[in-house]
$ cat target_6.txt   # compact mmCIF, C-alpha atoms
# COMPACT_ATOMS: atom_id res chain seq x y z
CA MET A 1 150.07 187.69 112.35
CA GLU A 2 151.87 190.15 114.61
CA ILE A 3 151.26 190.12 118.37
CA GLU A 4 153.10 192.81 120.28
CA ARG A 5 153.11 195.07 123.33
CA LYS A 6 154.45 198.58 123.42
CA TYR A 7 155.81 200.72 126.28
CA LEU A 8 157.05 204.23 126.83
CA VAL A 9 160.64 204.44 128.07
CA SER A 10 162.11 207.50 129.73
CA GLU A 11 165.53 206.26 130.85
CA LEU A 12 167.83 204.48 128.43
CA PRO A 13 169.81 201.44 129.63
CA SER A 14 173.38 202.64 130.32
CA ASN A 15 174.96 199.84 128.25
CA LEU A 16 172.85 200.59 125.16
CA GLU A 17 175.75 200.80 122.74
CA GLU A 18 176.59 197.12 123.38
CA TYR A 19 173.50 196.01 121.43
CA PRO A 20 172.95 195.68 117.69
CA VAL A 21 171.43 198.81 116.21
CA ARG A 22 169.66 199.56 112.93
CA ARG A 23 168.99 202.92 111.37
CA ILE A 24 165.36 203.13 110.30
CA GLN A 25 163.52 205.61 108.11
CA GLN A 26 159.83 205.02 107.41
CA GLY A 27 156.72 206.64 106.04
CA TYR A 28 153.10 205.80 105.33
CA LEU A 29 151.41 205.67 101.95
CA ASN A 30 148.20 204.92 103.84
CA ARG A 31 147.27 204.53 107.50
CA GLU A 32 144.17 202.28 107.52
CA PRO A 33 145.13 199.72 106.38
CA VAL A 34 148.79 200.54 107.03
CA ILE A 35 150.85 200.65 103.84
CA ARG A 36 154.34 201.53 104.98
CA ILE A 37 157.70 201.94 103.31
CA ARG A 38 160.78 201.41 105.42
CA ARG A 39 164.50 201.69 104.94
CA GLU A 40 166.38 199.61 107.52
CA ASP A 41 170.10 200.17 106.99
CA ASN A 42 170.32 199.12 103.31
CA ASP A 43 167.16 197.03 103.16
CA PHE A 44 164.01 198.51 101.63
CA ILE A 45 160.63 197.04 102.54
CA LEU A 46 156.97 197.59 101.76
CA THR A 47 154.69 196.50 104.60
CA TYR A 48 150.93 196.04 104.69
CA LYS A 49 149.18 195.70 108.07
CA SER A 50 145.50 195.13 108.59
CA SER A 51 143.65 197.13 111.26
CA GLY A 52 143.95 196.43 115.03
CA LEU A 53 146.15 197.34 118.00
CA MET A 54 147.68 194.26 119.66
CA ILE A 55 147.11 191.68 116.89
CA ARG A 56 147.45 192.46 113.19
CA GLU A 57 148.09 190.66 109.93
CA GLU A 58 151.37 191.79 108.45
CA VAL A 59 152.84 191.20 104.98
CA ASN A 60 156.40 192.30 104.11
CA LEU A 61 157.52 192.69 100.51
CA PRO A 62 160.93 193.62 99.08
CA LEU A 63 161.67 196.98 97.47
CA ASP A 64 164.94 198.31 96.08
CA ALA A 65 166.52 201.74 96.57
CA GLN A 66 164.91 203.16 93.43
CA SER A 67 161.35 202.03 94.19
CA TYR A 68 161.79 203.21 97.79
CA GLU A 69 162.77 206.69 96.61
CA ASN A 70 159.81 206.78 94.20
CA LEU A 71 157.37 205.82 96.96
CA ARG A 72 158.96 208.12 99.54
CA ARG A 73 157.72 211.11 97.53
CA LYS A 74 154.17 209.84 98.05
CA ILE A 75 153.90 209.43 101.80
CA ASP A 76 151.21 211.06 103.93
CA GLY A 77 152.69 213.24 106.66
CA LYS A 78 156.24 213.02 108.01
CA LEU A 79 159.06 210.61 107.39
CA ILE A 80 159.98 208.99 110.73
CA THR A 81 163.64 208.46 111.58
CA LYS A 82 164.82 206.37 114.51
CA LYS A 83 167.54 204.09 115.78
CA ARG A 84 166.33 200.64 116.75
CA TYR A 85 168.35 198.75 119.37
CA LEU A 86 167.79 194.98 119.67
CA ILE A 87 168.05 193.95 123.32
CA PRO A 88 167.67 190.31 124.44
CA TYR A 89 165.30 189.89 127.40
CA LYS A 90 164.25 186.46 128.67
CA GLN A 91 163.16 184.48 125.57
CA TYR A 92 162.27 187.74 123.75
CA THR A 93 163.95 190.59 121.93
CA ILE A 94 163.14 194.13 122.99
CA GLU A 95 163.06 196.54 120.06
CA LEU A 96 163.98 199.87 121.57
CA ASP A 97 163.17 202.75 119.22
CA VAL A 98 164.96 206.03 119.87
CA PHE A 99 163.35 208.65 117.66
CA SER A 100 165.21 211.57 116.11
CA GLY A 101 163.97 214.68 114.30
CA GLU A 102 160.60 216.15 115.26
CA LEU A 103 159.65 213.14 117.40
CA ALA A 104 162.72 213.31 119.70
CA PRO A 105 163.03 212.67 122.63
CA LEU A 106 160.39 209.95 122.28
CA ILE A 107 161.57 206.42 123.14
CA LEU A 108 159.36 203.36 122.68
CA ALA A 109 159.99 199.70 123.47
CA GLU A 110 158.20 196.93 121.59
CA VAL A 111 158.18 193.22 122.25
CA GLU A 112 156.75 190.67 119.85
CA PHE A 113 155.18 187.42 121.06
CA PRO A 114 154.37 184.05 119.48
CA THR A 115 150.90 183.90 121.11
CA ALA A 116 148.35 186.29 122.66
CA GLU A 117 148.74 184.36 125.92
CA ASP A 118 152.49 185.11 126.02
CA ALA A 119 151.69 188.78 125.38
CA GLU A 120 149.23 188.87 128.28
CA ASN A 121 151.60 187.11 130.70
CA PHE A 122 154.62 189.30 129.87
CA THR A 123 156.39 191.00 132.80
CA PRO A 124 158.38 193.98 131.51
CA PRO A 125 161.83 194.93 132.82
CA SER A 126 161.91 197.62 135.53
CA TRP A 127 163.15 200.35 133.18
CA PHE A 128 160.02 200.16 131.01
CA GLY A 129 157.47 202.94 131.58
CA GLU A 130 153.77 203.13 130.79
CA ASP A 131 152.17 200.31 128.76
CA VAL A 132 150.80 202.03 125.63
CA THR A 133 149.86 198.87 123.66
CA PHE A 134 146.24 199.98 123.41
CA ASP A 135 146.97 203.67 122.89
CA GLY A 136 146.71 204.35 119.15
CA ARG A 137 148.71 207.59 119.57
CA TYR A 138 151.93 205.61 119.81
CA HIS A 139 151.45 203.69 116.61
CA ASN A 140 154.09 204.89 114.18
CA SER A 141 151.35 205.59 111.63
CA TYR A 142 149.88 208.10 114.11
CA LEU A 143 153.31 209.51 114.98
CA SER A 144 153.87 210.27 111.29
CA LYS A 145 150.99 212.81 111.27
CA MET B 1 152.91 182.61 91.49
CA GLU B 2 151.18 183.81 88.35
CA ILE B 3 151.75 182.04 85.00
CA GLU B 4 149.98 183.62 82.09
CA ARG B 5 150.00 184.25 78.35
CA LYS B 6 148.77 187.37 76.67
CA TYR B 7 147.45 188.01 73.13
CA LEU B 8 146.32 190.94 71.06
CA VAL B 9 142.73 190.69 69.84
CA SER B 10 141.32 192.69 66.95
CA GLU B 11 137.86 191.16 66.51
CA LEU B 12 135.53 190.75 69.46
CA PRO B 13 133.44 187.56 69.76
CA SER B 14 129.90 188.41 68.58
CA ASN B 15 128.27 186.92 71.70
CA LEU B 16 130.42 188.94 74.11
CA GLU B 17 127.55 190.32 76.17
CA GLU B 18 126.60 186.79 77.27
CA TYR B 19 129.65 186.59 79.52
CA PRO B 20 130.25 187.97 83.01
CA VAL B 21 131.89 191.39 82.91
CA ARG B 22 133.72 193.49 85.49
CA ARG B 23 134.48 197.16 85.36
CA ILE B 24 138.13 197.73 86.24
CA GLN B 25 140.07 200.88 87.06
CA GLN B 26 143.73 200.57 87.98
CA GLY B 27 146.90 202.55 88.51
CA TYR B 28 150.51 202.01 89.52
CA LEU B 29 152.23 203.39 92.61
CA ASN B 30 155.40 201.76 91.29
CA ARG B 31 156.28 199.72 88.21
CA GLU B 32 159.32 197.62 89.24
CA PRO B 33 158.28 195.88 91.40
CA VAL B 34 154.65 196.43 90.44
CA ILE B 35 152.61 198.05 93.21
CA ARG B 36 149.15 198.41 91.77
CA ILE B 37 145.81 199.64 93.05
CA ARG B 38 142.69 198.30 91.40
CA ARG B 39 138.99 198.89 91.68
CA GLU B 40 137.03 195.92 90.32
CA ASP B 41 133.33 196.78 90.51
CA ASN B 42 133.12 197.52 94.25
CA ASP B 43 136.21 195.64 95.36
CA PHE B 44 139.42 197.55 96.08
CA ILE B 45 142.74 195.72 95.96
CA LEU B 46 146.43 196.45 96.43
CA THR B 47 148.65 194.12 94.39
CA TYR B 48 152.39 193.56 94.55
CA LYS B 49 154.10 191.66 91.73
CA SER B 50 157.76 190.79 91.53
CA SER B 51 159.63 191.29 88.26
CA GLY B 52 159.28 188.95 85.24
CA LEU B 53 157.10 188.49 82.14
CA MET B 54 155.46 185.05 82.07
CA ILE B 55 155.99 183.98 85.69
CA ARG B 56 155.67 186.40 88.62
CA GLU B 57 155.01 186.29 92.36
CA GLU B 58 151.78 188.09 93.15
CA VAL B 59 150.33 189.20 96.50
CA ASN B 60 146.82 190.66 96.75
CA LEU B 61 145.74 192.70 99.77
CA PRO B 62 142.37 194.29 100.60
CA LEU B 63 141.74 198.03 100.49
CA ASP B 64 138.54 199.94 101.11
CA ALA B 65 137.04 202.82 99.07
CA GLN B 66 138.72 205.47 101.24
CA SER B 67 142.24 204.01 101.09
CA TYR B 68 141.81 203.42 97.35
CA GLU B 69 140.93 207.09 96.81
CA ASN B 70 143.91 208.17 98.92
CA LEU B 71 146.30 205.98 96.92
CA ARG B 72 144.77 206.90 93.57
CA ARG B 73 146.12 210.44 93.99
CA LYS B 74 149.64 208.97 94.14
CA ILE B 75 149.85 206.88 90.99
CA ASP B 76 152.58 207.27 88.36
CA GLY B 77 151.14 208.00 84.93
CA LYS B 78 147.58 207.31 83.82
CA LEU B 79 144.68 205.52 85.46
CA ILE B 80 143.68 202.59 83.22
CA THR B 81 139.98 201.83 82.68
CA LYS B 82 138.73 198.69 81.02
CA LYS B 83 135.93 196.15 80.92
CA ARG B 84 137.02 192.60 81.63
CA TYR B 85 134.94 189.79 80.14
CA LEU B 86 135.36 186.29 81.59
CA ILE B 87 135.04 183.72 78.81
CA PRO B 88 135.29 179.98 79.47
CA TYR B 89 137.60 178.18 77.03
CA LYS B 90 138.56 174.50 77.46
CA GLN B 91 139.61 174.12 81.10
CA TYR B 92 140.64 177.81 81.27
CA THR B 93 139.06 181.23 81.59
CA ILE B 94 139.97 183.88 79.05
CA GLU B 95 140.15 187.34 80.56
CA LEU B 96 139.31 189.66 77.70
CA ASP B 97 140.23 193.27 78.49
CA VAL B 98 138.54 195.94 76.39
CA PHE B 99 140.25 199.24 77.19
CA SER B 100 138.49 202.59 77.23
CA GLY B 101 139.83 206.16 77.44
CA GLU B 102 143.24 206.92 75.94
CA LEU B 103 144.07 203.23 75.40
CA ALA B 104 141.00 202.44 73.26
CA PRO B 105 140.64 200.56 70.91
CA LEU B 106 143.19 198.20 72.50
CA ILE B 107 141.90 194.71 73.32
CA LEU B 108 144.02 192.12 75.14
CA ALA B 109 143.27 188.53 76.10
CA GLU B 110 145.00 186.86 79.04
CA VAL B 111 144.90 183.25 80.13
CA GLU B 112 146.28 182.02 83.44
CA PHE B 113 147.73 178.54 83.85
CA PRO B 114 148.45 176.22 86.78
CA THR B 115 151.90 175.26 85.40
CA ALA B 116 154.49 176.60 82.95
CA GLU B 117 154.01 173.40 80.89
CA ASP B 118 150.29 174.14 80.48
CA ALA B 119 151.21 177.67 79.39
CA GLU B 120 153.63 176.36 76.76
CA ASN B 121 151.17 173.76 75.40
CA PHE B 122 148.25 176.18 75.12
CA THR B 123 146.49 176.44 71.73
CA PRO B 124 144.62 179.73 71.52
CA PRO B 125 141.18 180.10 69.90
CA SER B 126 141.15 181.27 66.28
CA TRP B 127 140.00 184.80 67.13
CA PHE B 128 143.17 185.52 69.17
CA GLY B 129 145.79 187.65 67.42
CA GLU B 130 149.52 188.06 68.05
CA ASP B 131 151.06 186.43 71.15
CA VAL B 132 152.51 189.32 73.19
CA THR B 133 153.37 187.38 76.36
CA PHE B 134 157.01 188.36 76.10
CA ASP B 135 156.42 191.90 74.88
CA GLY B 136 156.73 194.20 77.89
CA ARG B 137 154.82 196.96 76.04
CA TYR B 138 151.54 195.18 76.72
CA HIS B 139 152.00 194.93 80.44
CA ASN B 140 149.41 197.18 82.05
CA SER B 141 152.20 198.87 84.01
CA TYR B 142 153.72 199.94 80.69
CA LEU B 143 150.32 200.90 79.22
CA SER B 144 149.82 203.28 82.17
CA LYS B 145 152.78 205.43 81.07
$ encode --input "target_6.txt" --output "structure tokens"
Amino acid sequence: MEIERKYLVSELPSNLEEYPVRRIQQGYLNREPVIRIRREDNDFILTYKSSGLMIREEVNLPLDAQSYENLRRKIDGKLITKKRYLIPYKQYTIELDVFSGELAPLILAEVEFPTAEDAENFTPPSWFGEDVTFDGRYHNSYLSK
Amino acid sequence: MEIERKYLVSELPSNLEEYPVRRIQQGYLNREPVIRIRREDNDFILTYKSSGLMIREEVNLPLDAQSYENLRRKIDGKLITKKRYLIPYKQYTIELDVFSGELAPLILAEVEFPTAEDAENFTPPSWFGEDVTFDGRYHNSYLSK
């Protein structure tokens, strides 16, 4: 189960390069349910997510470089490329996604929570913009169209 | 975890039509690891299997008709069609796959076991032919080539 909230960000924190960063490339074999392939640095992952916006079942399964390349030829729509910064905030980790390519200059922040109650009680940092948790347009599967 | 043995069959049991049967159509998005789509009557399933012959990790995830059709366009090689008969035998169920299309007249019997010891101690019925458990050519992923 994945419980998360998502926000638009327009101004990047000035100390961004202090945080761990991962280079991510991902595409969708299907959007509903989500069947996603992702390269995260040198890890290759197949992910299945059931339907829903704030709460979804998620299963992650290992791929290797060769199976990733085979499946990459089969995606619907665009391959998404982004840098993901991992920023500690209170007891959480902000995943700050800075998109490149056609989706630039989009920046999205995601925070994952252990319970729906934690998600509802979350107070975002001042540099977060609009809460787009319930706006399907900012799901990566939609962004890949 | 899936533990199974597989046999060639050349003669069908004469009372075959007494047993439950399912119509199966399946294809492979990837072969290593196995990422398979299957239609079984009106159920649609995505399956991931790690590498291995007798013992493999298996994850089954639900699809619907629309996502199945979308993914079917993306398979490597041929779509496999077969009738699967479910035949009780001792404490087990024989899955007897009678292939149609290009793979006819191939017939394969599979039996799944709770433990590797059960698999090793299994005595097949007299109408089973050659044991092909360790022959990769009879994996459906290979048959789809």
$ residues_around --input "target_6.txt" --residues "Leu12 of chain A" --least-positions-apart "2" --cutoff "12 Å" --atoms "only C-alpha atoms" --output "mmCIF file with C-alpha atoms, in the coordinates of the input"
data_model
loop_
_atom_site.group_PDB
_atom_site.id
_atom_site.type_symbol
_atom_site.label_atom_id
_atom_site.label_comp_id
_atom_site.auth_asym_id
_atom_site.auth_seq_id
_atom_site.Cartn_x
_atom_site.Cartn_y
_atom_site.Cartn_z
ATOM 1 C CA LEU A 8 157.050 204.230 126.830
ATOM 2 C CA VAL A 9 160.640 204.440 128.070
ATOM 3 C CA SER A 10 162.110 207.500 129.730
ATOM 4 C CA SER A 14 173.380 202.640 130.320
ATOM 5 C CA ASN A 15 174.960 199.840 128.250
ATOM 6 C CA LEU A 16 172.850 200.590 125.160
ATOM 7 C CA GLU A 17 175.750 200.800 122.740
ATOM 8 C CA TYR A 85 168.350 198.750 119.370
ATOM 9 C CA ILE A 87 168.050 193.950 123.320
ATOM 10 C CA LEU A 96 163.980 199.870 121.570
ATOM 11 C CA ASP A 97 163.170 202.750 119.220
ATOM 12 C CA VAL A 98 164.960 206.030 119.870
ATOM 13 C CA PRO A 105 163.030 212.670 122.630
ATOM 14 C CA LEU A 106 160.390 209.950 122.280
ATOM 15 C CA ILE A 107 161.570 206.420 123.140
ATOM 16 C CA LEU A 108 159.360 203.360 122.680
ATOM 17 C CA ALA A 109 159.990 199.700 123.470
ATOM 18 C CA SER A 126 161.910 197.620 135.530
ATOM 19 C CA TRP A 127 163.150 200.350 133.180
ATOM 20 C CA PHE A 128 160.020 200.160 131.010
ATOM 21 C CA GLY A 129 157.470 202.940 131.580
#
$ closest_atom_pairs --input "target_6.txt" --of "chain B" --to "chain A" --cutoff "10 Å" --atoms "all atoms listed in the file" --output "CSV"
residue,atom,partner,partner_atom,distance
B:Leu29,CA,A:Leu71,CA,7.2
B:Asn30,CA,A:Ser67,CA,6.6
B:Arg31,CA,A:Ser67,CA,8.2
B:Glu32,CA,A:Ser67,CA,6.9
B:Pro33,CA,A:Leu63,CA,7.0
B:Val34,CA,A:Ser67,CA,9.5
B:Ile35,CA,A:Leu46,CA,9.6
B:Leu46,CA,A:Tyr48,CA,9.4
B:Tyr48,CA,A:Leu61,CA,7.9
B:Lys49,CA,A:Leu61,CA,9.5
B:Ser50,CA,A:Pro62,CA,8.7
B:Val59,CA,A:Leu61,CA,8.9
B:Leu61,CA,A:Tyr48,CA,7.9
B:Pro62,CA,A:Pro33,CA,8.4
B:Leu63,CA,A:Pro33,CA,7.0
B:Asp64,CA,A:Pro33,CA,8.4
B:Gln66,CA,A:Glu32,CA,8.9
B:Ser67,CA,A:Asn30,CA,6.6
B:Tyr68,CA,A:Asn30,CA,9.2
B:Asn70,CA,A:Asn30,CA,7.3
B:Leu71,CA,A:Leu29,CA,7.2
B:Arg73,CA,A:Lys74,CA,9.0
B:Lys74,CA,A:Lys74,CA,6.0
B:Ile75,CA,A:Lys74,CA,8.8
B:Asp76,CA,A:Asn70,CA,9.3
$ atom_distance --input "target_6.txt" --atom1 "atom CA of Glu117 of chain B" --atom2 "atom CA of His139 of chain B"
21.6 Å
$ atom_distance --input "target_6.txt" --atom1 "atom CA of Tyr19 of chain B" --atom2 "atom CA of Asp118 of chain B"
24.1 Å
$ atom_distance --input "target_6.txt" --atom1 "atom CA of Ile24 of chain A" --atom2 "atom CA of Asp41 of chain A"
6.5 Å
$ residues_around --input "target_6.txt" --residues "Arg23 of chain B" --least-positions-apart "5" --cutoff "8 Å" --atoms "all atoms listed in the file" --output "PyMOL selection string"
chain B and resi 39-41+81-84
$ write_last_selection --input "target_6.txt" --atoms "C-alpha atoms" --output "mmCIF file, in the coordinates of the input"
data_model
loop_
_atom_site.group_PDB
_atom_site.id
_atom_site.type_symbol
_atom_site.label_atom_id
_atom_site.label_comp_id
_atom_site.auth_asym_id
_atom_site.auth_seq_id
_atom_site.Cartn_x
_atom_site.Cartn_y
_atom_site.Cartn_z
ATOM 1 C CA ARG B 39 138.990 198.890 91.680
ATOM 2 C CA GLU B 40 137.030 195.920 90.320
ATOM 3 C CA ASP B 41 133.330 196.780 90.510
ATOM 4 C CA THR B 81 139.980 201.830 82.680
ATOM 5 C CA LYS B 82 138.730 198.690 81.020
ATOM 6 C CA LYS B 83 135.930 196.150 80.920
ATOM 7 C CA ARG B 84 137.020 192.600 81.630
#
$ closest_residue --input "target_6.txt" --among "A:Phe122, A:Tyr89, A:Phe44, A:Phe134" --to "Gln26 of chain A" --atoms "all atoms listed in the file"
A:Phe44
$ closest_residue --input "target_6.txt" --among "A:Ile37, A:Ile94, A:Ala116, A:Val21" --to "Glu69 of chain A" --atoms "all atoms listed in the file"
A:Ile37
$ residues_around --input "target_6.txt" --residues "Lys6 of chain A" --least-positions-apart "6" --cutoff "7 Å" --atoms "only C-alpha atoms" --output "NGL selection string"
:A and (108-111 or 131-133)
$ closest_residue --input "target_6.txt" --among "A:Pro20, A:Pro124, A:Ser100, A:Glu2" --to "Glu57 of chain A" --atoms "only C-alpha atoms"
A:Glu2
$ closest_residue --input "target_6.txt" --among "A:Lys90, A:Phe99, A:Glu18, A:Asn140" --to "Pro125 of chain A" --atoms "all atoms listed in the file"
A:Lys90
$ residues_around --input "target_6.txt" --residues "Thr115 of chain B" --least-positions-apart "6" --cutoff "10 Å" --atoms "all atoms listed in the file" --output "PDB file with C-alpha atoms, in the coordinates of the input"
ATOM      1  CA  MET B   1     152.910 182.610  91.490  1.00  0.00           C
ATOM      2  CA  GLU B   2     151.180 183.810  88.350  1.00  0.00           C
ATOM      3  CA  ILE B   3     151.750 182.040  85.000  1.00  0.00           C
ATOM      4  CA  GLU B   4     149.980 183.620  82.090  1.00  0.00           C
ATOM      5  CA  ILE B  55     155.990 183.980  85.690  1.00  0.00           C
TER       6      ILE B  55
END
$ closest_residue --input "target_6.txt" --among "A:Ala104, A:Leu86, A:Ile80, A:Ala119" --to "Leu143 of chain A" --atoms "all atoms listed in the file"
A:Ile80
